[in-house]
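Scroll down for the structure; my scribbles are underneath it.
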Amino acid sequence: MNPTKNSKRKTGRVFDPDATFLSNHPRLSIMILLFLYTVFLIVPSLLYTLFVTPIFYATHLYLLHIINFFSVAILWSIIVPLVLGLPNKREFIEYAKDIKIARIKPVLRSIGLGIITAFITLTCMLFANFLSSLLTGGQVQFVPQLLIHPGTTNIYTSLLLGIWEEVAFRGVMLVLILKIRSKRFSIISNGLLFGAFHSVNILSGFLGAILFGVEYNREHFIPVLFQIVYTAMLGTFLAYMFVKTKMLLPCIIAHYLIDALNTLVILNTEQLNWAYFCFMTFVGIGFLPMIINIPLVRSFSFWFPEPDDEIIPFFDTFLVRKQRLKQYKSDIRSA
């Protein structure tokens, strides 16, 4: 038996006397975070829908997107770090460092990696659309106006997904899982968790059907099931990139671009297209880009320096000032 190897194995438990209660209980923390995220996504939309007229709702969808963005921003930038003290302590600067959003150097390489992996995924999605059209007779259409259409996932609604989903799942939840599990287990479980969370779209569909009197049938349910599968694969790749680069920025860029630009090309068909969903799952946004992007990130990992103290100058300056102030107060007490 190799004692050195066994000593590195994580037992599934963690205790840090300086951390918060929830930080020392990652499983409980993740369940609470998933519940809060669901509430902060659905409740503001529900309240907005109840208090405005259908005509106002249809003509002012951008207001709903703004409300959703800032409600989720409050959760992940204020409540999670300062109230819940996750993933470690109740300090915003420490929070920014823990979730690796404060670390951006090397900047151009980080941005480049996010763009390249997004480009590969979008190319695979385009290929999946063309394969689907060959089998089903549907027509592939280039629709740039959907990039700003308020009723679709567009370039500004994708900000919520690209930023806050990455902060939530990679920045906070993955960091919590890494406390008690190995990197491999954490990456896979984070991907599965990310995919499973998209089942909330089923609940959103039911609520929308109730509020607007629309029938909710299998044509709404089945796409979500496929979405759960391919987003699990996407989440696995993004988790791998986060762990390998120790940075959140490439994940945010890749996630944002994939969500913002995927509506550029659509498959126009009049009926539920099983071929499209299968191709999108295994060729488009799911399996194929995952097995291409993971080796790519691994091969380019030498781009990223190992030290974790390369952070945004603002945070660096703030931390220095904070340390000096703490030392100054300590000197006064001891004098």
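Just remember, in the structure tokens the first chain shown is A, the second B, etc., residues are 1-based per chain, and ligands are 1-based in the order shown.
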Rows by chain and residue number, segment 36-89 of chain A within 12 Å of segment 173-192 of chain A, shortest pair, only C-alpha atoms, as a tab-separated table:
```
residue	atom	partner	partner_atom	distance
A:Tyr37	CA	A:Met173	CA	11.8
A:Trp76	CA	A:Met173	CA	11.4
A:Val80	CA	A:Met173	CA	11.1
A:Gly85	CA	A:Leu176	CA	11.9
A:Leu86	CA	A:Leu176	CA	8.4
A:Pro87	CA	A:Leu176	CA	6.2
A:Asn88	CA	A:Leu176	CA	8.6
```
Open item on the list: Would you pick out the contacts of Gly162 of chain A at 9 Å or less, using only C-alpha atoms, so that residues sharing its chain but fewer than 3 positions from it are not included, and give the list as a ChimeraX atom specification?
Closed with: /A:158-159,165-167,251-260
Open item on the list: Please list as a count of residues only every residue within 12 Å of Phe277 of chain A, counting only C-alpha atoms and excluding residues in the same chain fewer than 5 positions away.
Closed with: 24
TODO: For Thr59 of chain A, work out the shell of residues within 12 Å, counting only C-alpha atoms and skipping chain neighbours fewer than 4 positions away, then give it as number ranges by chain.
DONE: A: 52-55, 63-64, 149-151
Open item on the list: With DSSP run on the backbone, what are the alpha helix (DSSP H) residues within segment 168-265 of chain A? I'd like them as an NGL selection string.
Closed with: :A and (175-180 or 183-197 or 200-212 or 218-245 or 249-261)
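The two atoms in question, atom CA of Lys89 of chain A and atom CA of Leu22 of chain A, are spaced 9.7 Å apart.
Here atom CA of Ile148 of chain A and atom CA of Asn201 of chain A stand 21.5 Å from one another.
The shortest atom-to-atom distance to Phe130 of chain A, with only C-alpha atoms taken into account, belongs to A:Val265 out of A:Leu296, A:Ile291, A:Val265, A:Leu108.
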Open item on the list: Nearest residue to Tyr276 of chain A out of A:Thr38, A:Gln139, A:Ser29, A:Thr117, using only C-alpha atoms?
Closed with: A:Gln139
